[in-house]
$ cat protein.pdb   # PDB, C-alpha atoms, pLDDT in the B column
ATOM      1  CA  MET A   1      84.342 107.395  85.162  1.00 83.00           C
ATOM      2  CA  THR A   2      86.055 104.195  86.191  1.00 92.00           C
ATOM      3  CA  LYS A   3      84.086 101.022  86.809  1.00 93.00           C
ATOM      4  CA  ILE A   4      84.863  98.241  89.266  1.00 94.00           C
ATOM      5  CA  ALA A   5      83.295  94.940  88.275  1.00 93.00           C
ATOM      6  CA  ARG A   6      84.176  91.253  88.501  1.00 92.00           C
ATOM      7  CA  ASP A   7      83.754  90.636  84.787  1.00 87.00           C
ATOM      8  CA  ARG A   8      86.141  93.344  83.558  1.00 88.00           C
ATOM      9  CA  PRO A   9      89.243  91.745  82.033  1.00 90.00           C
ATOM     10  CA  VAL A  10      91.653  93.971  83.955  1.00 95.00           C
ATOM     11  CA  ILE A  11      94.424  93.652  86.494  1.00 97.00           C
ATOM     12  CA  THR A  12      94.104  96.211  89.292  1.00 98.00           C
ATOM     13  CA  VAL A  13      97.175  97.881  90.772  1.00 98.00           C
ATOM     14  CA  VAL A  14      96.649  99.430  94.207  1.00 98.00           C
ATOM     15  CA  ASN A  15      99.565 101.722  94.949  1.00 97.00           C
ATOM     16  CA  VAL A  16      99.613 103.216  98.454  1.00 97.00           C
ATOM     17  CA  PHE A  17     101.973 106.194  98.765  1.00 98.00           C
ATOM     18  CA  THR A  18     103.027 107.473 102.191  1.00 98.00           C
ATOM     19  CA  VAL A  19     103.951 111.147 102.328  1.00 98.00           C
ATOM     20  CA  GLU A  20     104.346 114.073 104.711  1.00 98.00           C
ATOM     21  CA  PRO A  21     101.025 115.979 104.793  1.00 98.00           C
ATOM     22  CA  GLU A  22     102.690 119.160 103.541  1.00 98.00           C
ATOM     23  CA  ASN A  23     103.783 117.271 100.412  1.00 98.00           C
ATOM     24  CA  GLN A  24     100.492 115.466  99.671  1.00 98.00           C
ATOM     25  CA  GLN A  25      99.276 117.933  97.033  1.00 98.00           C
ATOM     26  CA  ARG A  26     102.700 118.101  95.364  1.00 98.00           C
ATOM     27  CA  LEU A  27     102.739 114.282  95.184  1.00 98.00           C
ATOM     28  CA  ILE A  28      99.282 114.319  93.563  1.00 98.00           C
ATOM     29  CA  ASP A  29     100.474 116.889  91.014  1.00 98.00           C
ATOM     30  CA  LEU A  30     103.543 114.757  90.154  1.00 98.00           C
ATOM     31  CA  LEU A  31     101.394 111.640  89.730  1.00 98.00           C
ATOM     32  CA  ILE A  32      98.930 113.474  87.466  1.00 97.00           C
ATOM     33  CA  LYS A  33     101.895 114.656  85.384  1.00 97.00           C
ATOM     34  CA  ALA A  34     103.301 111.111  85.124  1.00 97.00           C
ATOM     35  CA  ILE A  35      99.886 109.749  84.098  1.00 97.00           C
ATOM     36  CA  ASN A  36      99.337 112.393  81.431  1.00 96.00           C
ATOM     37  CA  VAL A  37     102.854 112.603  80.021  1.00 96.00           C
ATOM     38  CA  ALA A  38     103.648 108.896  79.895  1.00 96.00           C
ATOM     39  CA  ILE A  39     101.528 106.287  81.672  1.00 97.00           C
ATOM     40  CA  ARG A  40      98.215 106.781  79.841  1.00 96.00           C
ATOM     41  CA  HIS A  41      99.973 106.383  76.501  1.00 96.00           C
ATOM     42  CA  MET A  42     101.407 102.958  77.339  1.00 96.00           C
ATOM     43  CA  PRO A  43      99.830  99.852  75.781  1.00 96.00           C
ATOM     44  CA  GLY A  44      97.242  98.164  77.986  1.00 96.00           C
ATOM     45  CA  TYR A  45      96.497 101.190  80.168  1.00 96.00           C
ATOM     46  CA  VAL A  46      92.827 101.276  81.218  1.00 96.00           C
ATOM     47  CA  SER A  47      92.519 103.795  84.062  1.00 97.00           C
ATOM     48  CA  ALA A  48      94.206 105.667  86.925  1.00 98.00           C
ATOM     49  CA  ASN A  49      92.304 106.989  89.934  1.00 98.00           C
ATOM     50  CA  LEU A  50      94.020 109.133  92.553  1.00 98.00           C
ATOM     51  CA  HIS A  51      92.715 109.384  96.098  1.00 98.00           C
ATOM     52  CA  LYS A  52      94.024 111.594  98.904  1.00 98.00           C
ATOM     53  CA  SER A  53      93.678 110.477 102.518  1.00 98.00           C
ATOM     54  CA  LEU A  54      91.720 112.814 104.757  1.00 97.00           C
ATOM     55  CA  ASP A  55      94.632 112.866 107.245  1.00 97.00           C
ATOM     56  CA  GLY A  56      97.097 114.019 104.565  1.00 98.00           C
ATOM     57  CA  ARG A  57      99.504 111.114 105.008  1.00 98.00           C
ATOM     58  CA  ASN A  58      98.636 108.861 102.052  1.00 98.00           C
ATOM     59  CA  VAL A  59      97.756 108.932  98.385  1.00 98.00           C
ATOM     60  CA  VAL A  60      96.286 105.871  96.664  1.00 98.00           C
ATOM     61  CA  ASN A  61      96.388 105.223  92.951  1.00 98.00           C
ATOM     62  CA  TYR A  62      93.737 102.647  92.032  1.00 98.00           C
ATOM     63  CA  ALA A  63      94.824 101.737  88.501  1.00 98.00           C
ATOM     64  CA  GLN A  64      93.572  99.236  85.945  1.00 97.00           C
ATOM     65  CA  TRP A  65      95.624  97.544  83.225  1.00 97.00           C
ATOM     66  CA  ARG A  66      94.858  94.988  80.532  1.00 95.00           C
ATOM     67  CA  SER A  67      97.519  92.519  81.659  1.00 96.00           C
ATOM     68  CA  GLN A  68     100.479  91.957  83.937  1.00 96.00           C
ATOM     69  CA  GLU A  69     102.789  92.069  80.896  1.00 97.00           C
ATOM     70  CA  ASP A  70     101.564  95.597  80.102  1.00 97.00           C
ATOM     71  CA  ILE A  71     102.337  96.660  83.683  1.00 97.00           C
ATOM     72  CA  ASP A  72     105.861  95.203  83.418  1.00 97.00           C
ATOM     73  CA  THR A  73     106.423  97.055  80.131  1.00 97.00           C
ATOM     74  CA  MET A  74     105.228 100.338  81.654  1.00 97.00           C
ATOM     75  CA  MET A  75     107.502  99.979  84.680  1.00 95.00           C
ATOM     76  CA  LYS A  76     110.543  99.483  82.436  1.00 97.00           C
ATOM     77  CA  ASP A  77     109.749 102.550  80.295  1.00 97.00           C
ATOM     78  CA  GLY A  78     112.442 105.207  80.501  1.00 97.00           C
ATOM     79  CA  THR A  79     110.096 108.209  80.637  1.00 97.00           C
ATOM     80  CA  VAL A  80     107.938 106.580  83.330  1.00 96.00           C
ATOM     81  CA  GLN A  81     111.028 105.764  85.402  1.00 96.00           C
ATOM     82  CA  GLU A  82     112.298 109.335  85.072  1.00 96.00           C
ATOM     83  CA  LEU A  83     108.956 110.818  86.162  1.00 96.00           C
ATOM     84  CA  MET A  84     108.681 108.369  89.054  1.00 95.00           C
ATOM     85  CA  GLN A  85     112.100 109.454  90.364  1.00 96.00           C
ATOM     86  CA  ASP A  86     110.517 112.767  91.383  1.00 95.00           C
ATOM     87  CA  VAL A  87     107.722 110.840  93.124  1.00 97.00           C
ATOM     88  CA  GLN A  88     110.242 108.662  94.987  1.00 96.00           C
ATOM     89  CA  LYS A  89     111.946 111.772  96.372  1.00 96.00           C
ATOM     90  CA  LEU A  90     108.683 112.737  98.081  1.00 96.00           C
ATOM     91  CA  ALA A  91     107.027 109.479  99.058  1.00 98.00           C
ATOM     92  CA  THR A  92     107.419 105.765  99.730  1.00 97.00           C
ATOM     93  CA  ALA A  93     105.170 103.398  97.816  1.00 96.00           C
ATOM     94  CA  ALA A  94     103.711  99.932  98.389  1.00 95.00           C
ATOM     95  CA  SER A  95     102.238  98.359  95.281  1.00 95.00           C
ATOM     96  CA  GLN A  96     100.310  95.134  94.711  1.00 97.00           C
ATOM     97  CA  LEU A  97      98.494  93.513  91.791  1.00 98.00           C
ATOM     98  CA  TYR A  98      94.890  92.461  92.383  1.00 98.00           C
ATOM     99  CA  GLN A  99      91.922  90.713  90.843  1.00 97.00           C
ATOM    100  CA  VAL A 100      88.384  91.847  91.699  1.00 97.00           C
ATOM    101  CA  VAL A 101      86.591  88.971  93.426  1.00 97.00           C
ATOM    102  CA  TYR A 102      83.394  90.534  94.801  1.00 96.00           C
ATOM    103  CA  THR A 103      81.442  93.749  94.367  1.00 96.00           C
ATOM    104  CA  ASP A 104      78.283  94.913  96.078  1.00 96.00           C
ATOM    105  CA  GLU A 105      76.547  98.250  95.688  1.00 94.00           C
ATOM    106  CA  VAL A 106      73.282  99.700  96.916  1.00 89.00           C
ATOM    107  CA  PHE A 107      71.552 102.501  95.140  1.00 69.00           C
ATOM    108  CA  GLN A 108      72.532 105.641  96.934  1.00 51.00           C
ATOM    109  CA  ARG A 109      69.761 107.219  98.946  1.00 52.00           C
ATOM    110  CA  PRO A 110      69.791 111.003  98.834  1.00 52.00           C
ATOM    111  CA  PRO A 111      70.935 112.452 102.154  1.00 51.00           C
ATOM    112  CA  THR A 112      68.264 114.154 104.232  1.00 53.00           C
ATOM    113  CA  THR A 113      70.193 117.415 104.022  1.00 53.00           C
ATOM    114  CA  ALA A 114      72.601 118.532 101.345  1.00 52.00           C
ATOM    115  CA  GLN A 115      76.081 117.326 102.233  1.00 56.00           C
ATOM    116  CA  PRO A 116      78.992 119.028 100.486  1.00 56.00           C
ATOM    117  CA  LEU A 117      82.117 117.052  99.765  1.00 58.00           C
ATOM    118  CA  PRO A 118      84.511 117.122 102.710  1.00 58.00           C
ATOM    119  CA  ARG A 119      87.035 119.923 102.396  1.00 56.00           C
ATOM    120  CA  VAL A 120      90.481 118.555 102.992  1.00 55.00           C
ATOM    121  CA  GLY A 121      93.833 120.279 102.773  1.00 53.00           C
ATOM    122  CA  SER A 122      94.444 122.874 100.142  1.00 47.00           C
ATOM    123  CA  ALA A 123      92.950 121.216  97.052  1.00 41.00           C
TER     124      ALA A 123
ATOM    125  CA  MET B   1      79.028  97.797  89.278  1.00 83.00           C
ATOM    126  CA  THR B   2      80.826 100.388  91.356  1.00 92.00           C
ATOM    127  CA  LYS B   3      81.832 103.727  89.888  1.00 93.00           C
ATOM    128  CA  ILE B   4      84.855 105.849  90.780  1.00 94.00           C
ATOM    129  CA  ALA B   5      84.355 109.512  89.955  1.00 93.00           C
ATOM    130  CA  ARG B   6      85.370 112.856  91.408  1.00 92.00           C
ATOM    131  CA  ASP B   7      81.816 114.167  91.617  1.00 87.00           C
ATOM    132  CA  ARG B   8      80.351 111.301  93.662  1.00 88.00           C
ATOM    133  CA  PRO B   9      79.498 112.505  97.184  1.00 90.00           C
ATOM    134  CA  VAL B  10      81.195 109.578  98.877  1.00 95.00           C
ATOM    135  CA  ILE B  11      84.021 108.892 101.290  1.00 97.00           C
ATOM    136  CA  THR B  12      86.225 106.006 100.142  1.00 98.00           C
ATOM    137  CA  VAL B  13      87.671 103.550 102.653  1.00 98.00           C
ATOM    138  CA  VAL B  14      90.662 101.575 101.412  1.00 98.00           C
ATOM    139  CA  ASN B  15      91.256  98.672 103.758  1.00 97.00           C
ATOM    140  CA  VAL B  16      94.384  96.607 103.053  1.00 97.00           C
ATOM    141  CA  PHE B  17      94.359  93.226 104.814  1.00 98.00           C
ATOM    142  CA  THR B  18      97.561  91.197 105.150  1.00 98.00           C
ATOM    143  CA  VAL B  19      97.082  87.455 105.400  1.00 98.00           C
ATOM    144  CA  GLU B  20      98.885  84.132 104.953  1.00 98.00           C
ATOM    145  CA  PRO B  21      98.238  82.928 101.382  1.00 98.00           C
ATOM    146  CA  GLU B  22      96.565  79.735 102.625  1.00 98.00           C
ATOM    147  CA  ASN B  23      93.997  81.881 104.456  1.00 98.00           C
ATOM    148  CA  GLN B  24      93.285  84.390 101.665  1.00 98.00           C
ATOM    149  CA  GLN B  25      90.105  82.698 100.406  1.00 98.00           C
ATOM    150  CA  ARG B  26      88.796  82.165 103.960  1.00 98.00           C
ATOM    151  CA  LEU B  27      89.374  85.871 104.685  1.00 98.00           C
ATOM    152  CA  ILE B  28      87.424  86.792 101.525  1.00 98.00           C
ATOM    153  CA  ASP B  29      84.561  84.506 102.602  1.00 98.00           C
ATOM    154  CA  LEU B  30      84.460  86.120 106.079  1.00 98.00           C
ATOM    155  CA  LEU B  31      84.433  89.629 104.571  1.00 98.00           C
ATOM    156  CA  ILE B  32      81.599  88.721 102.155  1.00 97.00           C
ATOM    157  CA  LYS B  33      79.648  87.355 105.140  1.00 97.00           C
ATOM    158  CA  ALA B  34      80.231  90.553 107.152  1.00 97.00           C
ATOM    159  CA  ILE B  35      79.144  92.702 104.202  1.00 97.00           C
ATOM    160  CA  ASN B  36      75.967  90.710 103.580  1.00 96.00           C
ATOM    161  CA  VAL B  37      74.917  90.066 107.172  1.00 96.00           C
ATOM    162  CA  ALA B  38      75.599  93.518 108.608  1.00 96.00           C
ATOM    163  CA  ILE B  39      77.604  96.137 106.734  1.00 97.00           C
ATOM    164  CA  ARG B  40      75.394  96.602 103.651  1.00 96.00           C
ATOM    165  CA  HIS B  41      72.377  97.230 105.912  1.00 96.00           C
ATOM    166  CA  MET B  42      74.021 100.120 107.759  1.00 96.00           C
ATOM    167  CA  PRO B  43      72.939 103.700 106.983  1.00 96.00           C
ATOM    168  CA  GLY B  44      75.147 105.449 104.442  1.00 96.00           C
ATOM    169  CA  TYR B  45      76.602 102.286 102.898  1.00 97.00           C
ATOM    170  CA  VAL B  46      77.242 102.744  99.165  1.00 96.00           C
ATOM    171  CA  SER B  47      79.501  99.880  98.023  1.00 97.00           C
ATOM    172  CA  ALA B  48      82.094  97.264  98.959  1.00 98.00           C
ATOM    173  CA  ASN B  49      84.577  95.839  96.462  1.00 98.00           C
ATOM    174  CA  LEU B  50      86.895  92.988  97.409  1.00 98.00           C
ATOM    175  CA  HIS B  51      90.171  92.383  95.596  1.00 98.00           C
ATOM    176  CA  LYS B  52      92.631  89.526  96.109  1.00 98.00           C
ATOM    177  CA  SER B  53      96.330  90.061  95.471  1.00 98.00           C
ATOM    178  CA  LEU B  54      97.850  87.790  92.851  1.00 97.00           C
ATOM    179  CA  ASP B  55     100.580  86.744  95.340  1.00 97.00           C
ATOM    180  CA  GLY B  56      97.990  85.612  97.905  1.00 98.00           C
ATOM    181  CA  ARG B  57      99.236  87.883 100.697  1.00 98.00           C
ATOM    182  CA  ASN B  58      96.715  90.723 100.644  1.00 98.00           C
ATOM    183  CA  VAL B  59      93.021  91.469 100.280  1.00 98.00           C
ATOM    184  CA  VAL B  60      91.782  94.997  99.614  1.00 98.00           C
ATOM    185  CA  ASN B  61      88.292  96.230 100.333  1.00 98.00           C
ATOM    186  CA  TYR B  62      87.614  99.395  98.303  1.00 98.00           C
ATOM    187  CA  ALA B  63      84.462 100.673 100.022  1.00 98.00           C
ATOM    188  CA  GLN B  64      82.306 103.772  99.569  1.00 97.00           C
ATOM    189  CA  TRP B  65      80.200 105.467 102.237  1.00 97.00           C
ATOM    190  CA  ARG B  66      77.997 108.535 102.298  1.00 96.00           C
ATOM    191  CA  SER B  67      79.841 110.223 105.171  1.00 96.00           C
ATOM    192  CA  GLN B  68      82.470 109.818 107.842  1.00 96.00           C
ATOM    193  CA  GLU B  69      79.726 109.761 110.496  1.00 97.00           C
ATOM    194  CA  ASP B  70      78.140 106.734 108.806  1.00 97.00           C
ATOM    195  CA  ILE B  71      81.520 104.942 108.882  1.00 97.00           C
ATOM    196  CA  ASP B  72      81.902 105.719 112.608  1.00 97.00           C
ATOM    197  CA  THR B  73      78.400 104.382 113.300  1.00 97.00           C
ATOM    198  CA  MET B  74      79.133 101.176 111.361  1.00 97.00           C
ATOM    199  CA  MET B  75      82.388 100.564 113.219  1.00 95.00           C
ATOM    200  CA  LYS B  76      80.607 100.841 116.591  1.00 97.00           C
ATOM    201  CA  ASP B  77      77.847  98.412 115.579  1.00 97.00           C
ATOM    202  CA  GLY B  78      77.812  95.264 117.744  1.00 97.00           C
ATOM    203  CA  THR B  79      77.127  92.805 114.911  1.00 97.00           C
ATOM    204  CA  VAL B  80      79.842  94.337 112.714  1.00 96.00           C
ATOM    205  CA  GLN B  81      82.336  94.170 115.587  1.00 96.00           C
ATOM    206  CA  GLU B  82      81.462  90.524 116.252  1.00 96.00           C
ATOM    207  CA  LEU B  83      81.894  89.557 112.586  1.00 96.00           C
ATOM    208  CA  MET B  84      85.165  91.480 112.340  1.00 95.00           C
ATOM    209  CA  GLN B  85      86.581  89.549 115.310  1.00 96.00           C
ATOM    210  CA  ASP B  86      86.767  86.471 113.059  1.00 95.00           C
ATOM    211  CA  VAL B  87      88.545  88.583 110.423  1.00 97.00           C
ATOM    212  CA  GLN B  88      91.048  89.877 112.983  1.00 96.00           C
ATOM    213  CA  LYS B  89      91.986  86.299 113.928  1.00 96.00           C
ATOM    214  CA  LEU B  90      93.131  85.705 110.331  1.00 96.00           C
ATOM    215  CA  ALA B  91      94.542  89.031 109.141  1.00 98.00           C
ATOM    216  CA  THR B  92      95.950  92.403 110.080  1.00 97.00           C
ATOM    217  CA  ALA B  93      94.307  95.473 108.547  1.00 96.00           C
ATOM    218  CA  ALA B  94      95.384  99.006 107.638  1.00 95.00           C
ATOM    219  CA  SER B  95      92.513 101.337 106.890  1.00 95.00           C
ATOM    220  CA  GLN B  96      92.354 104.925 105.629  1.00 97.00           C
ATOM    221  CA  LEU B  97      89.637 107.353 104.543  1.00 98.00           C
ATOM    222  CA  TYR B  98      90.049 108.949 101.115  1.00 98.00           C
ATOM    223  CA  GLN B  99      88.586 111.479  98.735  1.00 97.00           C
ATOM    224  CA  VAL B 100      88.827 110.919  94.970  1.00 97.00           C
ATOM    225  CA  VAL B 101      90.895 113.748  93.479  1.00 97.00           C
ATOM    226  CA  TYR B 102      91.585 112.614  89.910  1.00 96.00           C
ATOM    227  CA  THR B 103      90.326 109.971  87.506  1.00 96.00           C
ATOM    228  CA  ASP B 104      91.438 109.156  83.997  1.00 96.00           C
ATOM    229  CA  GLU B 105      90.238 106.336  81.780  1.00 94.00           C
ATOM    230  CA  VAL B 106      90.810 105.359  78.193  1.00 89.00           C
ATOM    231  CA  PHE B 107      88.380 103.278  76.258  1.00 69.00           C
ATOM    232  CA  GLN B 108      89.651  99.751  76.385  1.00 51.00           C
ATOM    233  CA  ARG B 109      91.012  98.433  73.117  1.00 52.00           C
ATOM    234  CA  PRO B 110      90.143  94.808  72.509  1.00 52.00           C
ATOM    235  CA  PRO B 111      93.218  92.605  72.847  1.00 51.00           C
ATOM    236  CA  THR B 112      94.554  91.136  69.622  1.00 54.00           C
ATOM    237  CA  THR B 113      93.959  87.638  70.977  1.00 53.00           C
ATOM    238  CA  ALA B 114      91.405  86.543  73.554  1.00 52.00           C
ATOM    239  CA  GLN B 115      92.890  86.939  77.026  1.00 56.00           C
ATOM    240  CA  PRO B 116      91.196  85.010  79.847  1.00 57.00           C
ATOM    241  CA  LEU B 117      91.208  86.414  83.357  1.00 58.00           C
ATOM    242  CA  PRO B 118      94.318  85.336  85.280  1.00 58.00           C
ATOM    243  CA  ARG B 119      93.737  82.187  87.275  1.00 56.00           C
ATOM    244  CA  VAL B 120      95.023  82.681  90.778  1.00 56.00           C
ATOM    245  CA  GLY B 121      94.934  80.335  93.756  1.00 54.00           C
ATOM    246  CA  SER B 122      91.900  78.168  94.340  1.00 47.00           C
ATOM    247  CA  ALA B 123      89.075  80.593  93.644  1.00 41.00           C
TER     248      ALA B 123
END
$ encode --input "protein.pdb" --output "structure tokens"
Amino acid sequence: MTKIARDRPVITVVNVFTVEPENQQRLIDLLIKAINVAIRHMPGYVSANLHKSLDGRNVVNYAQWRSQEDIDTMMKDGTVQELMQDVQKLATAASQLYQVVYTDEVFQRPPTTAQPLPRVGSA
Amino acid sequence: MTKIARDRPVITVVNVFTVEPENQQRLIDLLIKAINVAIRHMPGYVSANLHKSLDGRNVVNYAQWRSQEDIDTMMKDGTVQELMQDVQKLATAASQLYQVVYTDEVFQRPPTTAQPLPRVGSA
């Protein structure tokens, strides 16, 4: 479980991938492979969190790293670059580095009726 | 503290705002006002998490809601719309609804030397 908080000493990378809906699940599978084979073993890695858009056209990786230097090192890694070549064949990506500046959460009230998770696509 | 996990019954809204760097802090202030005055009081609100890009050009709100219907209701609310008019004068926004499909986190190793949070802009 990943935590978002102002006092965590992390840099957040928000990577928005744009993809054809028929390739969304394949993109997710490639990103999971890249995370498990290479990215999570790099120094300074804290977390990766993949999200699929309900319309099928985007995937977001909300990732946390210890420092900007660690992110630079990861992006220059040969295995990461090789794995990301497969991703780049499927999708375009827009990436930015962020700092958390404000968080607000209310305790979640239970819904009045049971609400299953939305069923989207084939996953 | 906001949590990202596959088993949370939430819809995630990732809202990427694009702004001139000199207006980034003002945009953050307007979004905090909108959250506190109106958005957090709407039914189905779970969390809002503001992030500022290190280059000054973007702000991301990573928000969680109970359901898509609750998001629709919030967006039609008169007070929310009024507060967001001020935001729209400063920034353009791209918003998408997401479902968490994968999370991975490693326990954070303490850095070998103390690393302060990056200091960015005027905040």
$ residues_around --input "protein.pdb" --residues "B:Pro43" --least-positions-apart "3" --cutoff "9 Å" --atoms "only C-alpha atoms" --output "short mmCIF file (atom, residue, chain, number, x, y, z; two decimals) with C-alpha atoms, in the coordinates of the input"
data_model
loop_
_atom_site.label_atom_id
_atom_site.label_comp_id
_atom_site.auth_asym_id
_atom_site.auth_seq_id
_atom_site.Cartn_x
_atom_site.Cartn_y
_atom_site.Cartn_z
CA ILE B 39 77.60 96.14 106.73
CA ARG B 40 75.39 96.60 103.65
CA VAL B 46 77.24 102.74 99.16
CA TRP B 65 80.20 105.47 102.24
CA ARG B 66 78.00 108.54 102.30
CA ASP B 70 78.14 106.73 108.81
CA ILE B 71 81.52 104.94 108.88
CA THR B 73 78.40 104.38 113.30
CA MET B 74 79.13 101.18 111.36
#
$ interface_residues --input "protein.pdb" --of "chain B" --to "chain A" --cutoff "9 Å" --atoms "all atoms listed in the file" --output "MDAnalysis selection string"
chainID B and resid 1:12 14 28 32 35:36 40 44:55 58:60 64 66:67 96:109 111 115:118 120 123
$ atom_distance --input "protein.pdb" --atom1 "atom CA of B:Val37" --atom2 "atom CA of B:Lys76"
15.4 Å
$ residues_near_point --input "protein.pdb" --point "(110.1, 109.4, 97.5)" --cutoff "12 Å" --atoms "all atoms listed in the file" --output "ChimeraX atom specification"
/A:17-20,23-24,26-27,30-31,83-94
$ atom_distance --input "protein.pdb" --atom1 "atom CA of B:Gln81" --atom2 "atom CA of B:Glu22"
24.1 Å
$ atom_distance --input "protein.pdb" --atom1 "atom CA of A:Asp77" --atom2 "atom CA of A:Pro21"
29.3 Å
$ axis_aligned_box --input "protein.pdb" --around "stretch 57-72 of chain B" --padding-each-side "6 Å" --output "lines of an AutoDock Vina configuration file"
center_x = 88.6
center_y = 99.1
center_z = 105.5
size_x = 33.2
size_y = 34.3
size_z = 26.3
$ decode --input "protein.pdb" --residues "stretch 80-91 of chain A" --atoms "N, CA, C and O atoms" --output "PDB file, in the first residue's frame"
ATOM      1  N   VAL A  80      16.445  -1.141 -18.150  1.00  0.00           N
ATOM      2  CA  VAL A  80      15.229  -0.306 -18.133  1.00  0.00           C
ATOM      3  C   VAL A  80      14.965   0.240 -19.535  1.00  0.00           C
ATOM      4  O   VAL A  80      13.831   0.173 -20.043  1.00  0.00           O
ATOM      5  N   GLN A  81      15.993   0.760 -20.177  1.00  0.00           N
ATOM      6  CA  GLN A  81      15.815   1.342 -21.516  1.00  0.00           C
ATOM      7  C   GLN A  81      15.306   0.299 -22.509  1.00  0.00           C
ATOM      8  O   GLN A  81      14.443   0.584 -23.346  1.00  0.00           O
ATOM      9  N   GLU A  82      15.862  -0.919 -22.402  1.00  0.00           N
ATOM     10  CA  GLU A  82      15.436  -1.996 -23.304  1.00  0.00           C
ATOM     11  C   GLU A  82      13.955  -2.331 -23.088  1.00  0.00           C
ATOM     12  O   GLU A  82      13.181  -2.454 -24.045  1.00  0.00           O
ATOM     13  N   LEU A  83      13.558  -2.463 -21.822  1.00  0.00           N
ATOM     14  CA  LEU A  83      12.161  -2.789 -21.516  1.00  0.00           C
ATOM     15  C   LEU A  83      11.229  -1.654 -21.942  1.00  0.00           C
ATOM     16  O   LEU A  83      10.104  -1.891 -22.403  1.00  0.00           O
ATOM     17  N   MET A  84      11.696  -0.408 -21.804  1.00  0.00           N
ATOM     18  CA  MET A  84      10.831   0.714 -22.151  1.00  0.00           C
ATOM     19  C   MET A  84      10.689   0.888 -23.663  1.00  0.00           C
ATOM     20  O   MET A  84       9.764   1.551 -24.128  1.00  0.00           O
ATOM     21  N   GLN A  85      11.604   0.266 -24.436  1.00  0.00           N
ATOM     22  CA  GLN A  85      11.441   0.320 -25.900  1.00  0.00           C
ATOM     23  C   GLN A  85      10.143  -0.362 -26.333  1.00  0.00           C
ATOM     24  O   GLN A  85       9.452   0.109 -27.241  1.00  0.00           O
ATOM     25  N   ASP A  86       9.803  -1.473 -25.670  1.00  0.00           N
ATOM     26  CA  ASP A  86       8.539  -2.147 -25.984  1.00  0.00           C
ATOM     27  C   ASP A  86       7.342  -1.261 -25.636  1.00  0.00           C
ATOM     28  O   ASP A  86       6.331  -1.249 -26.332  1.00  0.00           O
ATOM     29  N   VAL A  87       7.465  -0.536 -24.516  1.00  0.00           N
ATOM     30  CA  VAL A  87       6.395   0.386 -24.101  1.00  0.00           C
ATOM     31  C   VAL A  87       6.225   1.487 -25.141  1.00  0.00           C
ATOM     32  O   VAL A  87       5.103   1.837 -25.533  1.00  0.00           O
ATOM     33  N   GLN A  88       7.367   2.027 -25.607  1.00  0.00           N
ATOM     34  CA  GLN A  88       7.319   3.153 -26.561  1.00  0.00           C
ATOM     35  C   GLN A  88       6.728   2.757 -27.913  1.00  0.00           C
ATOM     36  O   GLN A  88       6.264   3.619 -28.658  1.00  0.00           O
ATOM     37  N   LYS A  89       6.746   1.454 -28.214  1.00  0.00           N
ATOM     38  CA  LYS A  89       6.122   1.007 -29.467  1.00  0.00           C
ATOM     39  C   LYS A  89       4.594   1.070 -29.377  1.00  0.00           C
ATOM     40  O   LYS A  89       3.900   1.138 -30.385  1.00  0.00           O
ATOM     41  N   LEU A  90       4.089   0.999 -28.148  1.00  0.00           N
ATOM     42  CA  LEU A  90       2.638   0.957 -27.929  1.00  0.00           C
ATOM     43  C   LEU A  90       2.030   2.296 -27.562  1.00  0.00           C
ATOM     44  O   LEU A  90       0.837   2.527 -27.795  1.00  0.00           O
ATOM     45  N   ALA A  91       2.808   3.147 -26.894  1.00  0.00           N
ATOM     46  CA  ALA A  91       2.208   4.315 -26.240  1.00  0.00           C
ATOM     47  C   ALA A  91       3.132   5.513 -26.287  1.00  0.00           C
ATOM     48  O   ALA A  91       4.345   5.375 -26.411  1.00  0.00           O
TER      49      ALA A  91
END
